[in-house]
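Below is run.csv, which holds CSV, C-alpha atoms and all ligand atoms.
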chain,number,residue,atom,x,y,z
K,69,MET,CA,27.7,117.2,-106.4
K,70,GLU,CA,26.2,115.8,-109.6
K,71,PHE,CA,22.7,114.3,-108.8
K,72,ILE,CA,23.8,110.8,-109.7
K,73,ASP,CA,26.7,111.1,-107.2
K,74,VAL,CA,24.3,112.2,-104.5
K,75,ILE,CA,22.2,109.1,-105.1
K,76,LYS,CA,25.2,106.8,-105.2
K,77,SER,CA,27.1,108.2,-102.2
K,78,ARG,CA,24.1,108.4,-99.9
K,79,LYS,CA,24.2,105.7,-97.2
K,80,SER,CA,22.9,105.3,-93.7
K,81,ILE,CA,25.4,107.0,-91.3
K,82,ARG,CA,25.2,105.8,-87.7
K,83,THR,CA,28.4,107.3,-86.3
K,84,TYR,CA,29.0,111.1,-86.3
K,85,SER,CA,31.8,113.4,-85.4
K,86,ASP,CA,31.4,116.0,-82.6
K,87,LYS,CA,31.6,118.8,-85.2
K,88,GLU,CA,28.6,121.2,-84.9
K,89,VAL,CA,26.2,121.4,-87.8
K,90,GLU,CA,25.8,125.0,-88.9
K,91,ASP,CA,22.3,126.4,-88.7
K,92,GLU,CA,22.5,127.7,-92.3
K,93,ARG,CA,23.1,124.2,-93.5
K,94,ILE,CA,20.1,122.9,-91.6
K,95,GLU,CA,18.0,125.7,-93.0
K,96,CYS,CA,19.2,124.9,-96.5
K,97,ILE,CA,18.2,121.3,-96.1
K,98,LEU,CA,14.8,122.2,-94.7
K,99,GLU,CA,14.2,124.5,-97.7
K,100,TYR,CA,14.6,121.4,-100.0
K,101,ALA,CA,12.0,119.5,-97.9
K,102,ARG,CA,9.6,122.5,-98.3
K,103,LEU,CA,9.8,122.2,-102.1
K,104,ALA,CA,8.8,118.5,-102.1
K,105,PRO,CA,5.6,117.4,-103.9
K,106,SER,CA,2.5,116.4,-101.9
K,107,TRP,CA,-1.1,115.3,-102.1
K,108,ALA,CA,-3.0,118.2,-103.8
K,109,ASN,CA,-0.1,120.3,-102.6
K,110,LYS,CA,-1.5,120.2,-99.1
K,111,GLN,CA,2.0,120.1,-97.6
K,112,CYS,CA,0.8,118.2,-94.5
K,113,TRP,CA,4.3,118.0,-93.0
K,114,HIS,CA,5.9,119.5,-90.0
K,115,PHE,CA,9.6,119.2,-89.0
K,116,ILE,CA,11.1,119.4,-85.6
K,117,VAL,CA,14.8,120.3,-85.4
K,118,VAL,CA,16.4,119.0,-82.2
K,119,LYS,CA,19.8,120.1,-81.1
K,120,ASN,CA,19.3,120.0,-77.3
K,121,LYS,CA,21.5,117.2,-75.9
K,122,ALA,CA,19.0,116.2,-73.2
K,123,THR,CA,16.2,116.0,-75.8
K,124,ILE,CA,18.4,113.9,-78.1
K,125,LYS,CA,19.2,111.5,-75.3
K,126,ALA,CA,15.5,111.2,-74.5
K,127,LEU,CA,14.7,110.5,-78.2
K,128,SER,CA,17.4,107.8,-78.3
K,129,LYS,CA,15.7,106.1,-75.3
K,130,ALA,CA,12.4,106.1,-77.2
K,131,SER,CA,14.0,103.7,-79.7
K,132,ILE,CA,15.3,100.4,-78.4
K,133,ILE,CA,17.1,99.5,-81.6
K,134,ASN,CA,18.5,103.0,-82.1
K,135,ARG,CA,20.1,103.8,-78.8
K,136,TRP,CA,23.2,105.0,-80.8
K,137,LEU,CA,21.2,108.2,-81.6
K,138,LYS,CA,22.2,109.5,-78.2
K,139,ASN,CA,25.6,110.6,-79.7
K,140,VAL,CA,24.3,112.5,-82.8
K,141,PRO,CA,24.5,116.3,-83.0
K,142,VAL,CA,21.1,117.0,-84.6
K,143,ILE,CA,17.8,115.1,-85.1
K,144,ILE,CA,15.1,116.1,-87.5
K,145,VAL,CA,11.7,114.6,-86.7
K,146,ALA,CA,9.3,114.5,-89.6
K,147,CYS,CA,5.6,114.6,-88.7
K,148,GLY,CA,2.4,114.5,-90.8
K,149,ASP,CA,-1.2,115.8,-90.3
K,150,PRO,CA,-3.4,113.0,-91.7
K,151,LYS,CA,-6.4,115.4,-92.0
K,152,SER,CA,-4.3,117.7,-94.3
K,153,SER,CA,-3.6,115.0,-96.9
K,154,GLY,CA,-5.8,112.5,-98.9
K,155,ILE,CA,-6.8,108.9,-99.1
K,156,SER,CA,-7.0,106.9,-102.4
K,157,ASN,CA,-7.5,103.2,-102.8
K,158,GLY,CA,-7.2,102.9,-99.0
K,159,ILE,CA,-3.8,104.4,-99.1
K,160,GLU,CA,-3.3,107.3,-96.6
K,161,TYR,CA,-1.0,109.6,-98.5
K,162,TYR,CA,0.2,111.7,-95.5
K,163,THR,CA,2.9,109.0,-94.9
K,164,VAL,CA,3.9,109.3,-98.6
K,165,ASP,CA,4.0,113.1,-98.5
K,166,VAL,CA,6.2,113.1,-95.4
K,167,ALA,CA,8.4,110.3,-96.8
K,168,ILE,CA,9.1,112.2,-100.0
K,169,ALA,CA,10.0,115.4,-98.0
K,170,MET,CA,12.3,113.3,-95.8
K,171,GLU,CA,14.0,111.9,-98.8
K,172,HIS,CA,14.6,115.4,-100.0
K,173,ILE,CA,16.2,116.2,-96.6
K,174,ILE,CA,18.4,113.1,-96.8
K,175,LEU,CA,19.6,113.8,-100.4
K,176,ALA,CA,20.2,117.5,-99.7
K,177,ALA,CA,22.2,116.5,-96.6
K,178,THR,CA,24.3,114.1,-98.7
K,179,ASP,CA,24.9,116.8,-101.3
K,180,ILE,CA,26.5,119.1,-98.7
K,181,GLY,CA,28.6,116.4,-97.0
K,182,LEU,CA,26.2,115.7,-94.0
K,183,GLY,CA,25.3,112.1,-93.0
K,184,SER,CA,21.8,111.0,-92.2
K,185,CYS,CA,19.8,107.8,-91.5
K,186,TRP,CA,16.2,107.0,-92.1
K,187,ILE,CA,14.8,106.0,-88.7
K,188,GLY,CA,11.5,104.2,-88.5
K,189,GLY,CA,12.1,102.2,-85.3
K,190,PHE,CA,10.8,104.3,-82.4
K,191,ASP,CA,8.0,104.5,-79.9
K,192,GLU,CA,5.8,107.2,-81.4
K,193,LYS,CA,3.9,107.8,-78.1
K,194,LYS,CA,7.2,108.5,-76.3
K,195,VAL,CA,8.5,110.7,-79.1
K,196,LYS,CA,5.3,112.7,-79.1
K,197,ASN,CA,5.5,113.1,-75.4
K,198,ILE,CA,9.1,114.3,-75.4
K,199,LEU,CA,8.5,116.8,-78.2
K,200,GLY,CA,4.9,117.9,-77.3
K,201,VAL,CA,3.5,116.8,-80.6
K,202,PRO,CA,-0.3,117.3,-80.7
K,203,GLU,CA,-2.6,114.2,-80.5
K,204,ASN,CA,-3.8,114.6,-84.1
K,205,ILE,CA,-0.3,114.7,-85.7
K,206,ARG,CA,1.6,111.5,-86.5
K,207,VAL,CA,5.4,111.1,-86.2
K,208,ILE,CA,6.4,109.3,-89.4
K,209,THR,CA,10.2,109.2,-89.4
K,210,LEU,CA,13.3,110.9,-88.1
K,211,THR,CA,16.9,111.3,-89.1
K,212,PRO,CA,20.1,112.3,-87.4
K,213,LEU,CA,22.2,114.9,-89.2
K,214,GLY,CA,25.8,115.4,-88.7
K,215,TYR,CA,29.3,115.1,-90.2
K,216,PRO,CA,30.1,111.4,-90.6
K,217,ALA,CA,32.9,110.1,-88.3
K,218,HIS,CA,35.8,108.4,-90.1
K,219,LYS,CA,35.4,105.2,-88.2
K,220,LYS,CA,32.4,103.0,-87.6
K,221,GLY,CA,31.0,102.9,-84.1
K,222,VAL,CA,28.4,101.3,-81.9
K,223,GLY,CA,25.6,102.3,-84.2
K,224,GLU,CA,27.0,100.2,-87.1
K,225,ARG,CA,27.7,97.3,-84.8
K,226,ALA,CA,24.3,97.3,-83.2
K,227,THR,CA,22.4,97.3,-86.5
K,228,LYS,CA,24.7,94.8,-88.3
K,229,ILE,CA,22.6,91.9,-86.7
K,230,LEU,CA,19.4,93.3,-88.1
K,231,ILE,CA,20.7,94.4,-91.5
K,232,ARG,CA,22.6,91.5,-92.9
K,233,SER,CA,23.3,92.9,-96.4
K,234,LYS,CA,23.5,96.2,-98.2
K,235,LYS,CA,23.1,94.5,-101.5
K,236,ARG,CA,20.2,95.7,-103.7
K,237,LYS,CA,18.0,93.4,-105.8
K,238,SER,CA,18.7,93.3,-109.5
K,239,LEU,CA,16.5,95.3,-111.9
K,240,ASP,CA,15.4,91.9,-113.3
K,241,GLU,CA,13.9,91.0,-109.9
K,242,ILE,CA,11.9,94.2,-109.5
K,243,VAL,CA,11.0,95.6,-113.0
K,244,HIS,CA,8.0,94.3,-115.0
K,245,TYR,CA,7.6,95.5,-118.6
K,246,GLU,CA,4.0,96.0,-119.9
K,247,ARG,CA,2.5,93.3,-117.5
K,248,TRP,CA,3.3,91.7,-114.2
K,249,LYS,CA,5.7,88.9,-115.2
K,250,VAL,CA,5.4,85.5,-113.5
I,301,LIG,C1,11.4,103.4,-93.7
I,301,LIG,C2,12.8,103.1,-93.2
I,301,LIG,C3,13.0,102.9,-91.8
I,301,LIG,C4,14.3,102.7,-91.4
I,301,LIG,N1,14.5,102.5,-90.0
I,301,LIG,C5,15.8,102.4,-89.5
I,301,LIG,C6,16.0,102.3,-88.1
I,301,LIG,O1,15.1,102.4,-87.3
I,301,LIG,N2,17.3,102.2,-87.7
I,301,LIG,C7,18.4,102.2,-88.6
I,301,LIG,O2,19.5,102.1,-88.1
I,301,LIG,N3,18.2,102.2,-89.9
I,301,LIG,C8,16.9,102.3,-90.4
I,301,LIG,N4,16.7,102.4,-91.8
I,301,LIG,C9,17.9,102.4,-92.7
I,301,LIG,C10,17.9,101.1,-93.5
I,301,LIG,O3,18.3,100.0,-92.7
I,301,LIG,C11,18.9,101.3,-94.6
I,301,LIG,O4,18.5,102.3,-95.5
I,301,LIG,C12,19.2,100.0,-95.5
I,301,LIG,O5,19.8,99.0,-94.6
I,301,LIG,C13,20.1,100.3,-96.7
I,301,LIG,O6,21.3,100.8,-96.3
I,301,LIG,P1,21.9,102.2,-96.8
I,301,LIG,O7,20.8,103.2,-96.3
I,301,LIG,O8,23.2,102.4,-96.1
I,301,LIG,O9,21.9,102.2,-98.3
I,301,LIG,C14,15.4,102.6,-92.3
I,301,LIG,C15,15.2,102.9,-93.6
I,301,LIG,C16,13.9,103.1,-94.1
I,301,LIG,C17,13.7,103.4,-95.5
Represent the supplied structure as structure tokens.
Ligand SMILES: Cc1cc2nc3c(=O)[nH]c(=O)nc-3n(C[C@H](O)[C@H](O)[C@H](O)COP(=O)(O)O)c2cc1C
Amino acid sequence: MEFIDVIKSRKSIRTYSDKEVEDERIECILEYARLAPSWANKQCWHFIVVKNKATIKALSKASIINRWLKNVPVIIVACGDPKSSGISNGIEYYTVDVAIAMEHIILAATDIGLGSCWIGGFDEKKVKNILGVPENIRVITLTPLGYPAHKKGVGERATKILIRSKKRKSLDEIVHYERWKV
């Protein structure tokens, strides 16, 4: 796909077909995460690939608003080691590092026809327990991966109440030239 088409066609997918996701595709996606930029190139990230159905079910229970995750074929959980990244202006960059890598994952998935969805709504403690993540490591985000189903399901219906609109703000509302405009 052309890069611009990847950007334009990416959208949050919350209903997946039962079709298995090939390991080579998952590996290919993870390779793009590996190439992401990071604070002083510290690469503070870790990714946990979950395909086990019982574990996926447990993860879905660790997120009240994302129970629909129970039906997805794969979940990638993105973690960061705060000690392996840096702080500047009070900003802890491990979250940024992991977010950039996760966006690589999401765009790479889109490029090869796989759906994904940024997930920030989960109980970190529960997720860490389920996956055996060490105390010093933070779970930043996760995403399902899979082939999008042709029709919308419970995931879309459940999140429609929270997400009222898919419309983006105009450039005029978000871009400032030379100085902050009032
Ligand atoms: C940091 C972050 C956290 C998110 N958390 C969730 C979530 O917990 N559940 C969910 O269904 N979508 C979640 N989303 C997806 C957004 O709702 C979605 O990106 C937004 O509504 C725009 O829709 P689109 O991705 O289809 O363009 C999250 C997105 C981001 C960037």
Please, which residues have at least one atom within 8 Å of an atom of ligand LIG 301 (chain I), using only C-alpha atoms and all ligand atoms, listed as a PyMOL selection string? chain K and resi 78-82+131+133-134+185-190+209+223-224+227+231+233-234
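CA of Tyr215 (chain K) sits 5.7 Å away from CA of Gly183 (chain K).
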In terms of only C-alpha atoms, the residue from K:Ile116, K:Leu199, K:Leu175, K:Leu230 at minimal distance from Ile72 (chain K) is K:Leu175
Quick one: contact table of region 137-233 of chain K to region 97-100 of chain K, 8 Å max, nearest atom pair and distance in Å to one decimal per residue, counting only C-alpha atoms, chain and number order, as a Markdown table?
| residue | atom | partner | partner_atom | distance |
| --- | --- | --- | --- | --- |
| K:Ala169 | CA | K:Tyr100 | CA | 7.8 |
| K:His172 | CA | K:Tyr100 | CA | 6.0 |
| K:Ile173 | CA | K:Ile97 | CA | 5.5 |
| K:Ala176 | CA | K:Ile97 | CA | 5.6 |
| K:Ala177 | CA | K:Ile97 | CA | 6.3 |
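Between CA of Glu171 (chain K) and CA of Val207 (chain K) the interatomic distance comes to 15.3 Å.
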So that I can see what lies close to Phe115 (chain K), please list as a PyMOL selection string the residues with an atom at most 12 Å from it, counting all atoms listed in the file and leaving out residues fewer than 2 positions away in the same chain. chain K and resi 94-95+97-99+101-102+111-113+117-118+143-149+166-167+169-170+173+199+201+205-211
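The interatomic distance for the pair CA of Val89 (chain K) and CA of Asn139 (chain K) works out to 13.5 Å.
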